[in-house]
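Colleague: Input structure: target.pdb, which contains PDB, C-alpha atoms and all ligand atoms.
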ATOM      1  CA  MET A   1      20.290   6.980  12.201  1.00  0.00           C
ATOM      2  CA  LYS A   2      16.976   5.744  10.875  1.00  0.00           C
ATOM      3  CA  PHE A   3      14.100   7.800   9.541  1.00  0.00           C
ATOM      4  CA  VAL A   4      10.904   5.909   8.830  1.00  0.00           C
ATOM      5  CA  VAL A   5       7.906   7.280   6.942  1.00  0.00           C
ATOM      6  CA  ALA A   6       4.631   5.317   7.002  1.00  0.00           C
ATOM      7  CA  ILE A   7       2.090   6.110   4.302  1.00  0.00           C
ATOM      8  CA  ASP A   8      -1.349   4.532   4.404  1.00  0.00           C
ATOM      9  CA  GLY A   9      -4.553   5.070   2.518  1.00  0.00           C
ATOM     10  CA  PRO A  10      -7.168   3.465   0.274  1.00  0.00           C
ATOM     11  CA  ALA A  11      -6.616   2.259  -3.299  1.00  0.00           C
ATOM     12  CA  ALA A  12      -5.623   4.851  -5.908  1.00  0.00           C
ATOM     13  CA  ALA A  13      -5.430   7.733  -3.437  1.00  0.00           C
ATOM     14  CA  GLY A  14      -1.961   8.623  -4.747  1.00  0.00           C
ATOM     15  CA  LYS A  15       0.071   7.154  -1.912  1.00  0.00           C
ATOM     16  CA  GLY A  16       2.354   5.140  -4.209  1.00  0.00           C
ATOM     17  CA  THR A  17       3.173   8.161  -6.358  1.00  0.00           C
ATOM     18  CA  ILE A  18       3.754  10.317  -3.297  1.00  0.00           C
ATOM     19  CA  ALA A  19       5.857   7.610  -1.616  1.00  0.00           C
ATOM     20  CA  LYS A  20       8.132   7.272  -4.679  1.00  0.00           C
ATOM     21  CA  ALA A  21       8.595  11.030  -4.988  1.00  0.00           C
ATOM     22  CA  ILE A  22       9.369  11.393  -1.292  1.00  0.00           C
ATOM     23  CA  ALA A  23      11.791   8.462  -1.371  1.00  0.00           C
ATOM     24  CA  ASN A  24      13.609  10.178  -4.207  1.00  0.00           C
ATOM     25  CA  HIS A  25      13.601  13.548  -2.448  1.00  0.00           C
ATOM     26  CA  PHE A  26      14.861  12.244   0.905  1.00  0.00           C
ATOM     27  CA  LYS A  27      17.056   9.501  -0.616  1.00  0.00           C
ATOM     28  CA  LEU A  28      15.277   6.737   1.295  1.00  0.00           C
ATOM     29  CA  SER A  29      14.445   3.184   0.181  1.00  0.00           C
ATOM     30  CA  HIS A  30      10.795   2.597  -0.627  1.00  0.00           C
ATOM     31  CA  LEU A  31       8.602  -0.490  -0.294  1.00  0.00           C
ATOM     32  CA  ASP A  32       5.155  -0.660  -1.891  1.00  0.00           C
ATOM     33  CA  THR A  33       3.701  -3.260   0.496  1.00  0.00           C
ATOM     34  CA  GLY A  34       0.628  -3.728  -1.716  1.00  0.00           C
ATOM     35  CA  LEU A  35       2.934  -5.602  -4.109  1.00  0.00           C
ATOM     36  CA  LEU A  36       3.482  -8.298  -1.471  1.00  0.00           C
ATOM     37  CA  TYR A  37      -0.270  -8.913  -1.224  1.00  0.00           C
ATOM     38  CA  ARG A  38      -0.619  -8.688  -4.999  1.00  0.00           C
ATOM     39  CA  GLY A  39       2.163 -11.289  -5.358  1.00  0.00           C
ATOM     40  CA  VAL A  40       0.313 -13.664  -3.028  1.00  0.00           C
ATOM     41  CA  GLY A  41      -3.005 -12.796  -4.707  1.00  0.00           C
ATOM     42  CA  ARG A  42      -1.595 -13.718  -8.096  1.00  0.00           C
ATOM     43  CA  LYS A  43      -0.421 -17.085  -6.750  1.00  0.00           C
ATOM     44  CA  ALA A  44      -3.879 -17.606  -5.214  1.00  0.00           C
ATOM     45  CA  LEU A  45      -5.589 -17.008  -8.562  1.00  0.00           C
ATOM     46  CA  ALA A  46      -3.270 -19.457 -10.288  1.00  0.00           C
ATOM     47  CA  TYR A  47      -3.438 -22.132  -7.582  1.00  0.00           C
ATOM     48  CA  SER A  48      -6.844 -23.624  -6.838  1.00  0.00           C
ATOM     49  CA  ARG A  49     -10.218 -23.078  -5.238  1.00  0.00           C
ATOM     50  CA  THR A  50      -8.610 -23.804  -1.856  1.00  0.00           C
ATOM     51  CA  SER A  51      -6.256 -20.823  -2.215  1.00  0.00           C
ATOM     52  CA  TYR A  52      -8.116 -18.774   0.371  1.00  0.00           C
ATOM     53  CA  TYR A  53      -7.953 -21.454   3.067  1.00  0.00           C
ATOM     54  CA  PRO A  54      -5.631 -19.976   5.704  1.00  0.00           C
ATOM     55  CA  GLU A  55      -3.043 -22.792   5.614  1.00  0.00           C
ATOM     56  CA  VAL A  56      -2.918 -22.796   1.806  1.00  0.00           C
ATOM     57  CA  ALA A  57      -2.692 -19.003   1.552  1.00  0.00           C
ATOM     58  CA  LYS A  58      -0.010 -18.990   4.254  1.00  0.00           C
ATOM     59  CA  GLN A  59       2.106 -21.397   2.199  1.00  0.00           C
ATOM     60  CA  LEU A  60       1.633 -19.213  -0.902  1.00  0.00           C
ATOM     61  CA  ALA A  61       2.930 -16.267   1.143  1.00  0.00           C
ATOM     62  CA  LEU A  62       5.875 -18.314   2.443  1.00  0.00           C
ATOM     63  CA  ASP A  63       6.750 -19.227  -1.163  1.00  0.00           C
ATOM     64  CA  LEU A  64       6.792 -15.581  -2.307  1.00  0.00           C
ATOM     65  CA  LYS A  65      10.103 -14.608  -3.954  1.00  0.00           C
ATOM     66  CA  SER A  66      11.354 -11.136  -4.876  1.00  0.00           C
ATOM     67  CA  SER A  67      11.007 -12.061  -8.555  1.00  0.00           C
ATOM     68  CA  ASP A  68       7.237 -12.525  -7.932  1.00  0.00           C
ATOM     69  CA  LEU A  69       6.990  -8.790  -7.232  1.00  0.00           C
ATOM     70  CA  GLU A  70       8.448  -7.610 -10.506  1.00  0.00           C
ATOM     71  CA  SER A  71       5.684  -8.504 -12.917  1.00  0.00           C
ATOM     72  CA  SER A  72       3.753  -5.689 -14.580  1.00  0.00           C
ATOM     73  CA  GLU A  73       0.739  -8.052 -14.537  1.00  0.00           C
ATOM     74  CA  LEU A  74       0.342  -7.425 -10.810  1.00  0.00           C
ATOM     75  CA  ARG A  75      -1.574  -4.228 -11.603  1.00  0.00           C
ATOM     76  CA  THR A  76      -4.721  -5.875 -13.000  1.00  0.00           C
ATOM     77  CA  PRO A  77      -8.150  -5.464 -11.314  1.00  0.00           C
ATOM     78  CA  GLU A  78      -8.369  -9.280 -10.848  1.00  0.00           C
ATOM     79  CA  ILE A  79      -5.098  -9.368  -8.940  1.00  0.00           C
ATOM     80  CA  ALA A  80      -6.086  -6.317  -6.883  1.00  0.00           C
ATOM     81  CA  GLU A  81      -9.237  -8.173  -5.851  1.00  0.00           C
ATOM     82  CA  ALA A  82      -7.335 -11.374  -5.025  1.00  0.00           C
ATOM     83  CA  ALA A  83      -4.757  -9.336  -3.061  1.00  0.00           C
ATOM     84  CA  SER A  84      -7.515  -7.778  -1.014  1.00  0.00           C
ATOM     85  CA  LYS A  85      -8.910 -11.266  -0.279  1.00  0.00           C
ATOM     86  CA  VAL A  86      -5.615 -12.859   0.809  1.00  0.00           C
ATOM     87  CA  ALA A  87      -5.000  -9.716   2.886  1.00  0.00           C
ATOM     88  CA  LEU A  88      -7.982 -10.727   5.057  1.00  0.00           C
ATOM     89  CA  ILE A  89      -6.125 -13.834   6.244  1.00  0.00           C
ATOM     90  CA  PRO A  90      -4.158 -13.236   9.473  1.00  0.00           C
ATOM     91  CA  GLU A  91      -1.711 -16.079   8.664  1.00  0.00           C
ATOM     92  CA  VAL A  92      -0.754 -14.299   5.420  1.00  0.00           C
ATOM     93  CA  ARG A  93      -0.288 -10.965   7.189  1.00  0.00           C
ATOM     94  CA  GLU A  94       1.867 -12.673   9.824  1.00  0.00           C
ATOM     95  CA  VAL A  95       4.184 -14.168   7.176  1.00  0.00           C
ATOM     96  CA  LEU A  96       4.603 -10.794   5.435  1.00  0.00           C
ATOM     97  CA  LEU A  97       5.128  -8.818   8.636  1.00  0.00           C
ATOM     98  CA  ASP A  98       8.792  -9.700   9.308  1.00  0.00           C
ATOM     99  CA  PHE A  99       9.880  -8.778   5.798  1.00  0.00           C
ATOM    100  CA  GLN A 100       8.195  -5.375   6.058  1.00  0.00           C
ATOM    101  CA  ARG A 101       9.639  -4.676   9.518  1.00  0.00           C
ATOM    102  CA  SER A 102      13.175  -5.591   8.467  1.00  0.00           C
ATOM    103  CA  PHE A 103      12.812  -3.372   5.414  1.00  0.00           C
ATOM    104  CA  ALA A 104      11.814  -0.493   7.707  1.00  0.00           C
ATOM    105  CA  ASN A 105      14.738  -1.246  10.019  1.00  0.00           C
ATOM    106  CA  GLN A 106      17.461  -0.890   7.406  1.00  0.00           C
ATOM    107  CA  ASP A 107      20.248   1.654   7.957  1.00  0.00           C
ATOM    108  CA  GLY A 108      19.038   5.120   7.117  1.00  0.00           C
ATOM    109  CA  GLY A 109      15.401   4.086   7.401  1.00  0.00           C
ATOM    110  CA  ALA A 110      12.763   3.738   4.723  1.00  0.00           C
ATOM    111  CA  ILE A 111       9.380   4.687   3.355  1.00  0.00           C
ATOM    112  CA  LEU A 112       6.652   2.053   3.289  1.00  0.00           C
ATOM    113  CA  ASP A 113       3.211   2.513   1.837  1.00  0.00           C
ATOM    114  CA  GLY A 114       0.162   0.308   2.363  1.00  0.00           C
ATOM    115  CA  ARG A 115      -2.855  -0.011   4.645  1.00  0.00           C
ATOM    116  CA  ASP A 116      -1.471  -0.867   8.098  1.00  0.00           C
ATOM    117  CA  ILE A 117       2.009   0.659   8.081  1.00  0.00           C
ATOM    118  CA  GLY A 118       1.403   3.379  10.666  1.00  0.00           C
ATOM    119  CA  THR A 119      -0.833   1.204  12.838  1.00  0.00           C
ATOM    120  CA  VAL A 120       0.789  -2.265  12.806  1.00  0.00           C
ATOM    121  CA  ILE A 121       4.023  -2.533  10.812  1.00  0.00           C
ATOM    122  CA  CYS A 122       5.767   0.650  11.990  1.00  0.00           C
ATOM    123  CA  PRO A 123       3.743   2.074  14.878  1.00  0.00           C
ATOM    124  CA  ASN A 124       6.806   4.138  15.890  1.00  0.00           C
ATOM    125  CA  ALA A 125       7.404   5.661  12.447  1.00  0.00           C
ATOM    126  CA  ASP A 126       8.875   9.167  12.546  1.00  0.00           C
ATOM    127  CA  VAL A 127       6.145  10.474  10.233  1.00  0.00           C
ATOM    128  CA  LYS A 128       2.773   8.953   9.385  1.00  0.00           C
ATOM    129  CA  LEU A 129       0.745  10.171   6.444  1.00  0.00           C
ATOM    130  CA  PHE A 130      -2.766   9.065   5.569  1.00  0.00           C
ATOM    131  CA  VAL A 131      -3.341   9.813   1.901  1.00  0.00           C
ATOM    132  CA  THR A 132      -6.924   9.726   0.730  1.00  0.00           C
ATOM    133  CA  ALA A 133      -9.339  11.049  -1.931  1.00  0.00           C
ATOM    134  CA  SER A 134     -13.025  10.594  -2.754  1.00  0.00           C
ATOM    135  CA  ALA A 135     -14.002   7.205  -4.205  1.00  0.00           C
ATOM    136  CA  GLU A 136     -15.081   8.911  -7.470  1.00  0.00           C
ATOM    137  CA  VAL A 137     -11.737  10.653  -7.945  1.00  0.00           C
ATOM    138  CA  ARG A 138      -9.827   7.468  -7.126  1.00  0.00           C
ATOM    139  CA  ALA A 139     -11.942   5.428  -9.542  1.00  0.00           C
ATOM    140  CA  GLN A 140     -11.351   7.991 -12.292  1.00  0.00           C
ATOM    141  CA  ARG A 141      -7.577   7.828 -11.734  1.00  0.00           C
ATOM    142  CA  ARG A 142      -7.518   4.013 -11.694  1.00  0.00           C
ATOM    143  CA  TYR A 143      -9.701   3.980 -14.825  1.00  0.00           C
ATOM    144  CA  GLN A 144      -7.242   6.245 -16.698  1.00  0.00           C
ATOM    145  CA  GLU A 145      -4.312   4.031 -15.621  1.00  0.00           C
ATOM    146  CA  LEU A 146      -6.076   0.852 -16.745  1.00  0.00           C
ATOM    147  CA  ILE A 147      -7.206   2.312 -20.069  1.00  0.00           C
ATOM    148  CA  SER A 148      -3.754   3.658 -20.865  1.00  0.00           C
ATOM    149  CA  SER A 149      -2.189   0.271 -20.112  1.00  0.00           C
ATOM    150  CA  GLY A 150      -4.552  -1.403 -22.595  1.00  0.00           C
ATOM    151  CA  HIS A 151      -7.324  -2.779 -20.314  1.00  0.00           C
ATOM    152  CA  GLU A 152     -10.901  -2.698 -21.502  1.00  0.00           C
ATOM    153  CA  ILE A 153     -13.068  -1.707 -18.578  1.00  0.00           C
ATOM    154  CA  GLY A 154     -15.853   0.785 -17.814  1.00  0.00           C
ATOM    155  CA  LEU A 155     -15.600   3.564 -15.236  1.00  0.00           C
ATOM    156  CA  GLU A 156     -18.654   2.229 -13.385  1.00  0.00           C
ATOM    157  CA  ASN A 157     -17.013  -1.143 -12.854  1.00  0.00           C
ATOM    158  CA  VAL A 158     -13.814   0.484 -11.654  1.00  0.00           C
ATOM    159  CA  LEU A 159     -15.821   2.523  -9.132  1.00  0.00           C
ATOM    160  CA  LYS A 160     -17.588  -0.632  -7.961  1.00  0.00           C
ATOM    161  CA  ASP A 161     -14.220  -2.393  -7.480  1.00  0.00           C
ATOM    162  CA  VAL A 162     -12.776   0.570  -5.592  1.00  0.00           C
ATOM    163  CA  VAL A 163     -15.759   0.762  -3.249  1.00  0.00           C
ATOM    164  CA  SER A 164     -15.853  -2.985  -2.551  1.00  0.00           C
ATOM    165  CA  ARG A 165     -12.085  -3.116  -1.977  1.00  0.00           C
ATOM    166  CA  ASP A 166     -12.307  -0.115   0.406  1.00  0.00           C
ATOM    167  CA  LYS A 167     -15.029  -1.907   2.345  1.00  0.00           C
ATOM    168  CA  ARG A 168     -13.087  -5.174   2.559  1.00  0.00           C
ATOM    169  CA  ASP A 169      -9.822  -3.414   3.539  1.00  0.00           C
ATOM    170  CA  ALA A 170     -11.495  -1.228   6.162  1.00  0.00           C
ATOM    171  CA  GLU A 171     -13.845  -3.807   7.703  1.00  0.00           C
ATOM    172  CA  ARG A 172     -11.519  -6.783   8.078  1.00  0.00           C
ATOM    173  CA  THR A 173     -10.637  -7.781  11.631  1.00  0.00           C
ATOM    174  CA  SER A 174      -6.924  -8.263  11.014  1.00  0.00           C
ATOM    175  CA  SER A 175      -5.047  -4.937  10.591  1.00  0.00           C
ATOM    176  CA  PRO A 176      -7.868  -3.002   8.922  1.00  0.00           C
ATOM    177  CA  LEU A 177      -7.286   0.212   7.023  1.00  0.00           C
ATOM    178  CA  ILE A 178      -7.714   2.896   9.665  1.00  0.00           C
ATOM    179  CA  ILE A 179      -6.055   6.227  10.183  1.00  0.00           C
ATOM    180  CA  ALA A 180      -3.417   6.125  12.961  1.00  0.00           C
ATOM    181  CA  HIS A 181      -4.188   8.610  15.734  1.00  0.00           C
ATOM    182  CA  ASP A 182      -0.907  10.431  15.035  1.00  0.00           C
ATOM    183  CA  ALA A 183      -1.115  10.429  11.223  1.00  0.00           C
ATOM    184  CA  ILE A 184      -1.377  13.564   9.109  1.00  0.00           C
ATOM    185  CA  LYS A 185      -4.256  13.306   6.640  1.00  0.00           C
ATOM    186  CA  ILE A 186      -3.726  14.498   3.071  1.00  0.00           C
ATOM    187  CA  ASP A 187      -6.798  14.617   0.825  1.00  0.00           C
ATOM    188  CA  THR A 188      -5.586  14.559  -2.777  1.00  0.00           C
ATOM    189  CA  SER A 189      -9.081  14.842  -4.355  1.00  0.00           C
ATOM    190  CA  SER A 190      -8.427  18.287  -5.744  1.00  0.00           C
ATOM    191  CA  LEU A 191      -4.625  18.304  -5.742  1.00  0.00           C
ATOM    192  CA  SER A 192      -2.320  17.792  -8.718  1.00  0.00           C
ATOM    193  CA  ILE A 193       0.438  15.184  -8.230  1.00  0.00           C
ATOM    194  CA  LYS A 194       2.964  18.004  -7.901  1.00  0.00           C
ATOM    195  CA  ASP A 195       0.933  19.764  -5.199  1.00  0.00           C
ATOM    196  CA  ALA A 196       0.231  16.528  -3.296  1.00  0.00           C
ATOM    197  CA  VAL A 197       3.965  15.718  -3.267  1.00  0.00           C
ATOM    198  CA  TRP A 198       4.745  19.263  -2.164  1.00  0.00           C
ATOM    199  CA  VAL A 199       2.256  18.993   0.754  1.00  0.00           C
ATOM    200  CA  ALA A 200       3.747  15.639   1.791  1.00  0.00           C
ATOM    201  CA  ILE A 201       7.332  16.902   1.610  1.00  0.00           C
ATOM    202  CA  ASN A 202       6.412  19.882   3.754  1.00  0.00           C
ATOM    203  CA  CYS A 203       4.712  17.634   6.312  1.00  0.00           C
ATOM    204  CA  ILE A 204       7.850  15.510   6.544  1.00  0.00           C
ATOM    205  CA  ASN A 205      10.436  18.283   6.374  1.00  0.00           C
ATOM    206  CA  GLU A 206      10.111  19.623   9.902  1.00  0.00           C
ATOM    207  CA  LYS A 207      10.200  16.197  11.543  1.00  0.00           C
ATOM    208  CA  TYR A 208      13.013  15.071   9.267  1.00  0.00           C
ATOM    209  CA  LYS A 209      15.186  18.059  10.143  1.00  0.00           C
ATOM    210  CA  ALA A 210      14.366  17.668  13.828  1.00  0.00           C
ATOM    211  CA  ALA A 211      15.191  13.961  13.739  1.00  0.00           C
ATOM    212  CA  PHE A 212      18.600  14.631  12.168  1.00  0.00           C
ATOM    213  CA  LEU A 213      19.360  17.377  14.674  1.00  0.00           C
ATOM    214  CA  LEU A 214      18.421  15.199  17.644  1.00  0.00           C
ATOM    215  CA  LYS A 215      20.157  11.971  16.608  1.00  0.00           C
TER
HETATM  216  O1  LIG B   1      -2.015  -0.824  -2.440  1.00  0.00           O
HETATM  217  P1  LIG B   1      -2.577  -1.900  -3.384  1.00  0.00           P
HETATM  218  O2  LIG B   1      -3.803  -1.468  -4.103  1.00  0.00           O
HETATM  219  O3  LIG B   1      -1.520  -2.420  -4.309  1.00  0.00           O
HETATM  220  O4  LIG B   1      -2.979  -3.116  -2.402  1.00  0.00           O
HETATM  221  C1  LIG B   1      -3.626  -4.270  -2.874  1.00  0.00           C
HETATM  222  C2  LIG B   1      -4.369  -4.930  -1.713  1.00  0.00           C
HETATM  223  O5  LIG B   1      -3.431  -5.424  -0.767  1.00  0.00           O
HETATM  224  C3  LIG B   1      -5.287  -4.005  -0.933  1.00  0.00           C
HETATM  225  O6  LIG B   1      -6.604  -3.998  -1.418  1.00  0.00           O
HETATM  226  C4  LIG B   1      -5.224  -4.532   0.469  1.00  0.00           C
HETATM  227  C5  LIG B   1      -3.906  -5.245   0.558  1.00  0.00           C
HETATM  228  N1  LIG B   1      -2.909  -4.558   1.367  1.00  0.00           N
HETATM  229  C6  LIG B   1      -2.988  -4.708   2.728  1.00  0.00           C
HETATM  230  O7  LIG B   1      -3.924  -5.344   3.234  1.00  0.00           O
HETATM  231  N2  LIG B   1      -2.033  -4.179   3.533  1.00  0.00           N
HETATM  232  C7  LIG B   1      -1.031  -3.459   3.011  1.00  0.00           C
HETATM  233  N3  LIG B   1      -0.090  -2.950   3.836  1.00  0.00           N
HETATM  234  C8  LIG B   1      -0.957  -3.266   1.614  1.00  0.00           C
HETATM  235  C9  LIG B   1      -1.929  -3.807   0.812  1.00  0.00           C
END
In structure tokens, how does this file's structure come out?

Modeller:
Amino acid sequence: MKFVVAIDGPAAAGKGTIAKAIANHFKLSHLDTGLLYRGVGRKALAYSRTSYYPEVAKQLALDLKSSDLESSELRTPEIAEAASKVALIPEVREVLLDFQRSFANQDGGAILDGRDIGTVICPNADVKLFVTASAEVRAQRRYQELISSGHEIGLENVLKDVVSRDKRDAERTSSPLIIAHDAIKIDTSSLSIKDAVWVAINCINEKYKAAFLLK
């Protein structure tokens, strides 16, 4: 029996926090797919000016190892930007697709969060959530995270980064960030983490119970 939850949404909407809490609640494995793009983005920054050529970026994605995903440095604004740029390249997305699909196909199922999980990676997911919040609220959250982890950055710059990343993620031709027609939208703008998790768990609960009863 497999139960797959797809969570998509823009940067800093709370999808990672919700995904972790749900994974813990339902005892499912969780993959933060943004880390894959951040891992490739970090390699791109360290490589050369040709990093964003499709064939070069594809090779960087092919060279990605699980140890590349463990670094705490992956959370910097520079790497987020580079991740968003390599994510535009269809060859990179193609390389990362199989890994994500096999993760979703594991026994018991899984929770994946990202931008194209409900639309491309797991179009048949049992539950699809689209977690969002206003750009201002998301920028404020990202700003707090960055400041508390020792980064020196202004709120205005964080907002600018959030808005430009949203635009790039939503307007790209390959697997853009869009809400799947069968996704449930959760706006976390005025929700606490606890309330957002509670809403998500309730959304999943009915389908989860039904899936277990049917299979
Ligand atoms: O979720 P995140 O902020 O860690 O993602 C970093 C970038 O990676 C994001 O701006 C776009 C890209 N990404 C993607 O294109 N598809 C995914 N499934 C996950 C992330």

Colleague: Around ligand LIG 1 (chain B), out to 8 Å and counting only C-alpha atoms and all ligand atoms, which residues are there? I want them as a PyMOL selection string.

Modeller: chain A and resi 8+10-12+16+32-38+75+80-88+93+113-117+165-166+168-169+175-177

Colleague: Could you write out that same residue set with C-alpha atoms as a tab-separated table (two decimals), in the coordinates of the input?

Modeller:
chain	number	residue	atom	x	y	z
A	8	ASP	CA	-1.35	4.53	4.40
A	10	PRO	CA	-7.17	3.46	0.27
A	11	ALA	CA	-6.62	2.26	-3.30
A	12	ALA	CA	-5.62	4.85	-5.91
A	16	GLY	CA	2.35	5.14	-4.21
A	32	ASP	CA	5.16	-0.66	-1.89
A	33	THR	CA	3.70	-3.26	0.50
A	34	GLY	CA	0.63	-3.73	-1.72
A	35	LEU	CA	2.93	-5.60	-4.11
A	36	LEU	CA	3.48	-8.30	-1.47
A	37	TYR	CA	-0.27	-8.91	-1.22
A	38	ARG	CA	-0.62	-8.69	-5.00
A	75	ARG	CA	-1.57	-4.23	-11.60
A	80	ALA	CA	-6.09	-6.32	-6.88
A	81	GLU	CA	-9.24	-8.17	-5.85
A	82	ALA	CA	-7.34	-11.37	-5.03
A	83	ALA	CA	-4.76	-9.34	-3.06
A	84	SER	CA	-7.52	-7.78	-1.01
A	85	LYS	CA	-8.91	-11.27	-0.28
A	86	VAL	CA	-5.62	-12.86	0.81
A	87	ALA	CA	-5.00	-9.72	2.89
A	88	LEU	CA	-7.98	-10.73	5.06
A	93	ARG	CA	-0.29	-10.96	7.19
A	113	ASP	CA	3.21	2.51	1.84
A	114	GLY	CA	0.16	0.31	2.36
A	115	ARG	CA	-2.86	-0.01	4.64
A	116	ASP	CA	-1.47	-0.87	8.10
A	117	ILE	CA	2.01	0.66	8.08
A	165	ARG	CA	-12.08	-3.12	-1.98
A	166	ASP	CA	-12.31	-0.12	0.41
A	168	ARG	CA	-13.09	-5.17	2.56
A	169	ASP	CA	-9.82	-3.41	3.54
A	175	SER	CA	-5.05	-4.94	10.59
A	176	PRO	CA	-7.87	-3.00	8.92
A	177	LEU	CA	-7.29	0.21	7.02

Colleague: Any chance you could work out the residue set of the PyMOL selection byres (((chain A and resi 111) around 12) and not hetatm) here, as a PyMOL selection string?

Modeller: chain A and resi 2-8+15-16+18-33+100-101+103-106+108-110+112-114+117-118+121-122+125-129+204

Colleague: Could you check the closest approach to Asn157 (chain A) for each of A:Ile178, A:Ala139, A:Met1, A:Val95 and tell me which residue wins, using only C-alpha atoms?

Modeller: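 The shortest atom-to-atom distance to Asn157 (chain A) comes from A:Ala139.
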
Colleague: Just the number, please: distance in Å from CA of Tyr52 (chain A) to CA of Thr132 (chain A), one decimal.

Modeller: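 CA of Thr132 (chain A) lies 28.5 Å from CA of Tyr52 (chain A).
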
Colleague: Extract, using all atoms listed in the file, all DNA, RNA and protein residues at most 12 Å from Ser134 (chain A), discarding same-chain residues fewer than 5 positions from it, and format them as a PDB file with C-alpha atoms, in the frame of the given file.

Modeller:
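The resulting file, selection_26.pdb, is reproduced below:
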ATOM      1  CA  GLY A   9      -4.553   5.070   2.518  1.00  0.00           C
ATOM      2  CA  PRO A  10      -7.168   3.465   0.274  1.00  0.00           C
ATOM      3  CA  ALA A  11      -6.616   2.259  -3.299  1.00  0.00           C
ATOM      4  CA  ALA A  12      -5.623   4.851  -5.908  1.00  0.00           C
ATOM      5  CA  ALA A  13      -5.430   7.733  -3.437  1.00  0.00           C
ATOM      6  CA  GLY A  14      -1.961   8.623  -4.747  1.00  0.00           C
ATOM      7  CA  ALA A 139     -11.942   5.428  -9.542  1.00  0.00           C
ATOM      8  CA  GLN A 140     -11.351   7.991 -12.292  1.00  0.00           C
ATOM      9  CA  ARG A 141      -7.577   7.828 -11.734  1.00  0.00           C
ATOM     10  CA  LEU A 159     -15.821   2.523  -9.132  1.00  0.00           C
ATOM     11  CA  VAL A 162     -12.776   0.570  -5.592  1.00  0.00           C
ATOM     12  CA  VAL A 163     -15.759   0.762  -3.249  1.00  0.00           C
ATOM     13  CA  ASP A 166     -12.307  -0.115   0.406  1.00  0.00           C
ATOM     14  CA  ILE A 186      -3.726  14.498   3.071  1.00  0.00           C
ATOM     15  CA  ASP A 187      -6.798  14.617   0.825  1.00  0.00           C
ATOM     16  CA  THR A 188      -5.586  14.559  -2.777  1.00  0.00           C
ATOM     17  CA  SER A 189      -9.081  14.842  -4.355  1.00  0.00           C
ATOM     18  CA  SER A 190      -8.427  18.287  -5.744  1.00  0.00           C
ATOM     19  CA  LEU A 191      -4.625  18.304  -5.742  1.00  0.00           C
TER      20      LEU A 191
END
